[in-house]
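The structure appears below as structure tokens.
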Amino acid sequence: MPLPAGVETVTVSSGEPLTLPDGTPMQGRLVFTGPSMVTIGEDDLILGGTAEVTLVDGEFTVSLVATDATGMSPTGWTYRVQAVLTNAPGWTRYISLPKATPTVILSDILVPDPVDGAFTVLAAPRGGSILAADGTPASSLGIDGDWALDTGTRRLYGPKASGAWPAFSAISAPTDFGWTRNGFASLDGTDLYLTHVADGSAAAHPGTAPWRPLTAWTSRSRPR
């Protein structure tokens with residue numbers, strides 16, 4: 001039975017065939033095991049257990065539910081990968097499958113050394129990126145630890161946590177009410193200039209908020 005359309009999955013493949021040291025393709029199967037039960041409430045889905053895939057000339061492809069799928073509880077766990085081989089000793093390793101990377105090759109994400117315990121949370125391969133958004137960022141954008149900037153309102157969101165985007169700050173346009181220009185700061189259309197080369201430095205701040213250099217807030221401010 002196929003998964004509901006809204007559930008994020010990650011396709012894992014062998015890339016090059018899995019082989020023995022002499023190049024002979026591995027024979028057998030791979031077993032991917034997650035927690036005994038996880039839920040995705042908004043899709044009315046309960047899932048858990050194992051998924052198996054047979055190696056064909058050392059190759060395979062399988063689509064698995066992302067380990068941080070939207071609405072999943074718990075989240076952030078890892079899959080245990082067991083190689084049950086007929087022409088070589090088996091092995092057990094662990095992988096994390098964040099939804100931000102929907103297609104991966106096993107050799108790129110496999111932890112080479114064994115990891116103790118049934119499930120060990122591994123760090124996501126990316127986090128802390130600043131992403132562009134048009135309005136409030138969608139829950140499907142980015143992964144936990146990322147930031148997002150609404151390019152229209154200049155509102156900063158983040159860091160994303162548990163799939164949610166908290167509002168962090170808003171930068172009002174220099175032409176909006178509430179800005180006070182000091183010294184040589186001046187407007188030229190919608191551009192705010194903080195300094196004139198011949199006159200020295202100046203500053204501007206919105207309303208009564210604590211003063212900060214405007215250059216830390218918007219790239220449209222520049223000396224002239």
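If you're wondering about the labels, chains in the structure tokens are A, B, ... by order shown, residues count from 1 in each chain, ligands from 1 in order shown.
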- Message: At a cut-off of 12 Å, using only C-alpha atoms, what residues contact Ala100 (chain A)? Leave out same-chain residues fewer than 6 positions from it and give the result as an NGL selection string.
- Response: :A and (8-11 or 66-70 or 124-127 or 129 or 139-144 or 146 or 163)
Region 54-151 of chain A near region 19-40 of chain A within 9 Å: what's each residue's closest atom pair and its distance in Å to one decimal, counting only C-alpha atoms, ordered by chain then ascending residue number, as a Markdown table?
| residue | atom | partner | partner_atom | distance |
| --- | --- | --- | --- | --- |
| A:Thr54 | CA | A:Arg29 | CA | 4.3 |
| A:Leu55 | CA | A:Arg29 | CA | 5.3 |
| A:Val56 | CA | A:Gln27 | CA | 7.3 |
| A:Asp57 | CA | A:Pro25 | CA | 5.4 |
| A:Gly58 | CA | A:Pro25 | CA | 4.6 |
| A:Glu59 | CA | A:Pro25 | CA | 8.2 |
| A:Phe60 | CA | A:Leu30 | CA | 8.8 |
| A:Leu64 | CA | A:Phe32 | CA | 8.7 |
| A:Thr67 | CA | A:Gly34 | CA | 8.9 |
| A:Ala69 | CA | A:Ile40 | CA | 8.0 |
| A:Thr70 | CA | A:Ile40 | CA | 7.5 |
| A:Gly71 | CA | A:Ile40 | CA | 5.1 |
| A:Met72 | CA | A:Ile40 | CA | 4.5 |
| A:Ser73 | CA | A:Thr39 | CA | 5.4 |
| A:Pro74 | CA | A:Val38 | CA | 6.2 |
| A:Thr75 | CA | A:Val38 | CA | 8.4 |
| A:Trp77 | CA | A:Gly34 | CA | 7.9 |
| A:Thr78 | CA | A:Gly34 | CA | 6.8 |
| A:Tyr79 | CA | A:Gly34 | CA | 5.0 |
| A:Arg80 | CA | A:Thr33 | CA | 5.0 |
| A:Val81 | CA | A:Phe32 | CA | 4.7 |
| A:Gln82 | CA | A:Val31 | CA | 5.0 |
| A:Ala83 | CA | A:Leu30 | CA | 4.7 |
| A:Val84 | CA | A:Arg29 | CA | 5.4 |
| A:Leu85 | CA | A:Gly28 | CA | 4.3 |
| A:Thr86 | CA | A:Gly28 | CA | 5.4 |
| A:Asn87 | CA | A:Gln27 | CA | 6.0 |
| A:Ala88 | CA | A:Met26 | CA | 7.3 |
| A:Phe119 | CA | A:Pro35 | CA | 8.0 |
Prev. selection, C-alpha atoms, output as an mmCIF file, in the first residue's frame:
data_model
loop_
_atom_site.group_PDB
_atom_site.id
_atom_site.type_symbol
_atom_site.label_atom_id
_atom_site.label_comp_id
_atom_site.auth_asym_id
_atom_site.auth_seq_id
_atom_site.Cartn_x
_atom_site.Cartn_y
_atom_site.Cartn_z
ATOM 1 C CA THR A 54 17.075 -7.580 -2.299
ATOM 2 C CA LEU A 55 20.481 -6.898 -3.820
ATOM 3 C CA VAL A 56 20.426 -7.499 -7.572
ATOM 4 C CA ASP A 57 24.004 -7.703 -8.872
ATOM 5 C CA GLY A 58 24.948 -5.640 -5.827
ATOM 6 C CA GLU A 59 22.432 -2.872 -6.578
ATOM 7 C CA PHE A 60 19.233 -1.697 -4.886
ATOM 8 C CA LEU A 64 11.855 5.216 3.075
ATOM 9 C CA THR A 67 13.486 10.552 9.746
ATOM 10 C CA ALA A 69 9.007 13.937 8.237
ATOM 11 C CA THR A 70 6.528 16.743 8.922
ATOM 12 C CA GLY A 71 4.299 15.950 11.903
ATOM 13 C CA MET A 72 6.266 12.842 12.861
ATOM 14 C CA SER A 73 6.531 11.779 16.517
ATOM 15 C CA PRO A 74 9.146 10.941 17.622
ATOM 16 C CA THR A 75 11.539 12.615 15.198
ATOM 17 C CA TRP A 77 15.919 8.966 15.034
ATOM 18 C CA THR A 78 18.062 6.860 12.693
ATOM 19 C CA TYR A 79 17.527 3.727 10.632
ATOM 20 C CA ARG A 80 19.529 0.620 11.491
ATOM 21 C CA VAL A 81 20.842 -0.917 8.261
ATOM 22 C CA GLN A 82 21.653 -4.654 8.341
ATOM 23 C CA ALA A 83 23.367 -6.370 5.432
ATOM 24 C CA VAL A 84 22.306 -10.025 5.411
ATOM 25 C CA LEU A 85 24.679 -11.482 2.812
ATOM 26 C CA THR A 86 25.016 -14.968 1.320
ATOM 27 C CA ASN A 87 28.569 -14.557 -0.009
ATOM 28 C CA ALA A 88 30.169 -12.415 2.730
ATOM 29 C CA PHE A 119 19.049 3.797 17.833
#
note - CA of Ala138 (chain A) and CA of Leu3 (chain A) are separated by 21.6 Å
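The shortest atom-to-atom distance to Trp91 (chain A), with only C-alpha atoms taken into account, belongs to A:Leu110 out of A:Ala148, A:Val104, A:Ala51, A:Leu110.
Minimum atom-to-atom distances from A:Ile109, A:Ala133, A:Val65, A:Val12 to Val53 (chain A) were compared using only C-alpha atoms, and the lowest value belongs to A:Val12.
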Here CA of Pro4 (chain A) and CA of Leu47 (chain A) stand apart by 11.7 Å
Report task. Step one, run DSSP on the backbone; step two, keep only residues of region 44-164 of chain A assigned to strand (DSSP E); then write them as a PyMOL selection string. Result -> chain A and resi 45-47+50-54+61-65+72-73+79-85+91-95+103-105+130-133+147-150+155-157
Grab the residues selected above and save them as a compact mmCIF listing (two decimals), in the first residue's frame with N, CA and C atoms.
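Writing the result to result.txt gives the following:
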# COMPACT_ATOMS: atom_id res chain seq x y z
N LEU A 45 -1.38 8.47 10.09
CA LEU A 45 -0.51 7.36 9.74
C LEU A 45 0.25 6.84 10.96
N ILE A 46 0.27 5.52 11.11
CA ILE A 46 1.10 4.84 12.10
C ILE A 46 2.00 3.88 11.33
N LEU A 47 3.30 3.95 11.59
CA LEU A 47 4.22 3.06 10.88
C LEU A 47 5.37 2.66 11.80
N THR A 50 10.41 -2.85 9.96
CA THR A 50 11.49 -3.00 9.00
C THR A 50 11.01 -2.94 7.56
N ALA A 51 11.95 -2.62 6.67
CA ALA A 51 11.73 -2.71 5.22
C ALA A 51 12.94 -3.44 4.65
N GLU A 52 12.69 -4.40 3.76
CA GLU A 52 13.78 -5.19 3.19
C GLU A 52 13.87 -4.96 1.68
N VAL A 53 15.11 -5.01 1.18
CA VAL A 53 15.33 -4.87 -0.25
C VAL A 53 16.39 -5.89 -0.67
N THR A 54 16.15 -6.56 -1.79
CA THR A 54 17.08 -7.58 -2.30
C THR A 54 18.15 -6.94 -3.17
N THR A 61 17.46 -0.08 -4.78
CA THR A 61 16.82 1.23 -4.61
C THR A 61 15.62 1.02 -3.70
N VAL A 62 15.46 1.92 -2.72
CA VAL A 62 14.32 1.82 -1.82
C VAL A 62 13.93 3.22 -1.35
N SER A 63 12.63 3.48 -1.22
CA SER A 63 12.14 4.75 -0.69
C SER A 63 11.65 4.54 0.74
N LEU A 64 12.18 5.34 1.66
CA LEU A 64 11.86 5.22 3.08
C LEU A 64 11.34 6.54 3.61
N VAL A 65 10.51 6.49 4.63
CA VAL A 65 10.00 7.71 5.25
C VAL A 65 11.16 8.50 5.85
N MET A 72 5.88 14.15 12.32
CA MET A 72 6.27 12.84 12.86
C MET A 72 6.58 12.92 14.36
N SER A 73 6.19 11.89 15.10
CA SER A 73 6.53 11.78 16.52
C SER A 73 6.84 10.32 16.83
N TYR A 79 17.79 5.10 11.07
CA TYR A 79 17.53 3.73 10.63
C TYR A 79 18.74 2.84 10.93
N ARG A 80 18.48 1.63 11.41
CA ARG A 80 19.53 0.62 11.49
C ARG A 80 19.54 -0.13 10.17
N VAL A 81 20.71 -0.22 9.54
CA VAL A 81 20.84 -0.92 8.26
C VAL A 81 21.62 -2.21 8.49
N GLN A 82 21.00 -3.35 8.20
CA GLN A 82 21.65 -4.65 8.34
C GLN A 82 21.85 -5.27 6.96
N ALA A 83 23.08 -5.64 6.66
CA ALA A 83 23.37 -6.37 5.43
C ALA A 83 23.36 -7.86 5.76
N VAL A 84 22.40 -8.58 5.22
CA VAL A 84 22.31 -10.03 5.41
C VAL A 84 22.77 -10.64 4.10
N LEU A 85 24.04 -11.08 4.06
CA LEU A 85 24.68 -11.48 2.81
C LEU A 85 24.88 -12.99 2.75
N TRP A 91 26.83 -7.08 8.17
CA TRP A 91 27.24 -5.93 8.99
C TRP A 91 26.01 -5.12 9.36
N THR A 92 26.19 -4.26 10.37
CA THR A 92 25.11 -3.39 10.84
C THR A 92 25.65 -1.98 10.98
N ARG A 93 24.95 -1.02 10.42
CA ARG A 93 25.33 0.39 10.53
C ARG A 93 24.05 1.22 10.70
N TYR A 94 24.20 2.56 10.77
CA TYR A 94 23.06 3.46 11.02
C TYR A 94 23.09 4.64 10.06
N ILE A 95 21.91 5.08 9.65
CA ILE A 95 21.82 6.23 8.74
C ILE A 95 20.69 7.16 9.19
N THR A 103 17.01 12.39 -2.20
CA THR A 103 17.66 11.30 -2.92
C THR A 103 19.09 11.18 -2.43
N VAL A 104 19.49 10.00 -1.96
CA VAL A 104 20.85 9.81 -1.44
C VAL A 104 21.41 8.49 -1.92
N ILE A 105 22.75 8.40 -1.89
CA ILE A 105 23.46 7.15 -2.17
C ILE A 105 23.99 6.63 -0.84
N ILE A 130 20.72 29.97 5.81
CA ILE A 130 19.75 31.06 5.71
C ILE A 130 19.04 30.91 4.38
N LEU A 131 17.73 30.70 4.42
CA LEU A 131 16.93 30.43 3.24
C LEU A 131 16.01 31.60 2.93
N ALA A 132 15.73 31.84 1.67
CA ALA A 132 14.82 32.90 1.26
C ALA A 132 13.38 32.39 1.30
N ALA A 133 12.45 33.25 1.74
CA ALA A 133 11.04 32.89 1.79
C ALA A 133 10.21 34.04 1.25
N TRP A 147 17.63 29.09 9.25
CA TRP A 147 16.99 30.41 9.35
C TRP A 147 16.32 30.72 8.02
N ALA A 148 15.32 31.59 8.05
CA ALA A 148 14.64 32.00 6.82
C ALA A 148 14.37 33.51 6.87
N LEU A 149 14.53 34.17 5.73
CA LEU A 149 14.30 35.60 5.62
C LEU A 149 13.18 35.84 4.63
N ASP A 150 12.10 36.48 5.09
CA ASP A 150 11.02 36.90 4.22
C ASP A 150 11.53 38.10 3.42
N ARG A 155 11.43 40.18 7.45
CA ARG A 155 11.33 39.55 8.76
C ARG A 155 12.18 38.29 8.77
N LEU A 156 12.95 38.11 9.84
CA LEU A 156 13.81 36.95 10.00
C LEU A 156 13.12 35.92 10.88
N TYR A 157 13.14 34.66 10.46
CA TYR A 157 12.55 33.56 11.21
C TYR A 157 13.65 32.56 11.58
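Using only C-alpha atoms, the smallest distance between any of A:Val7, A:Leu97, A:Ser186, A:Arg154 and Glu42 (chain A) comes from A:Val7.
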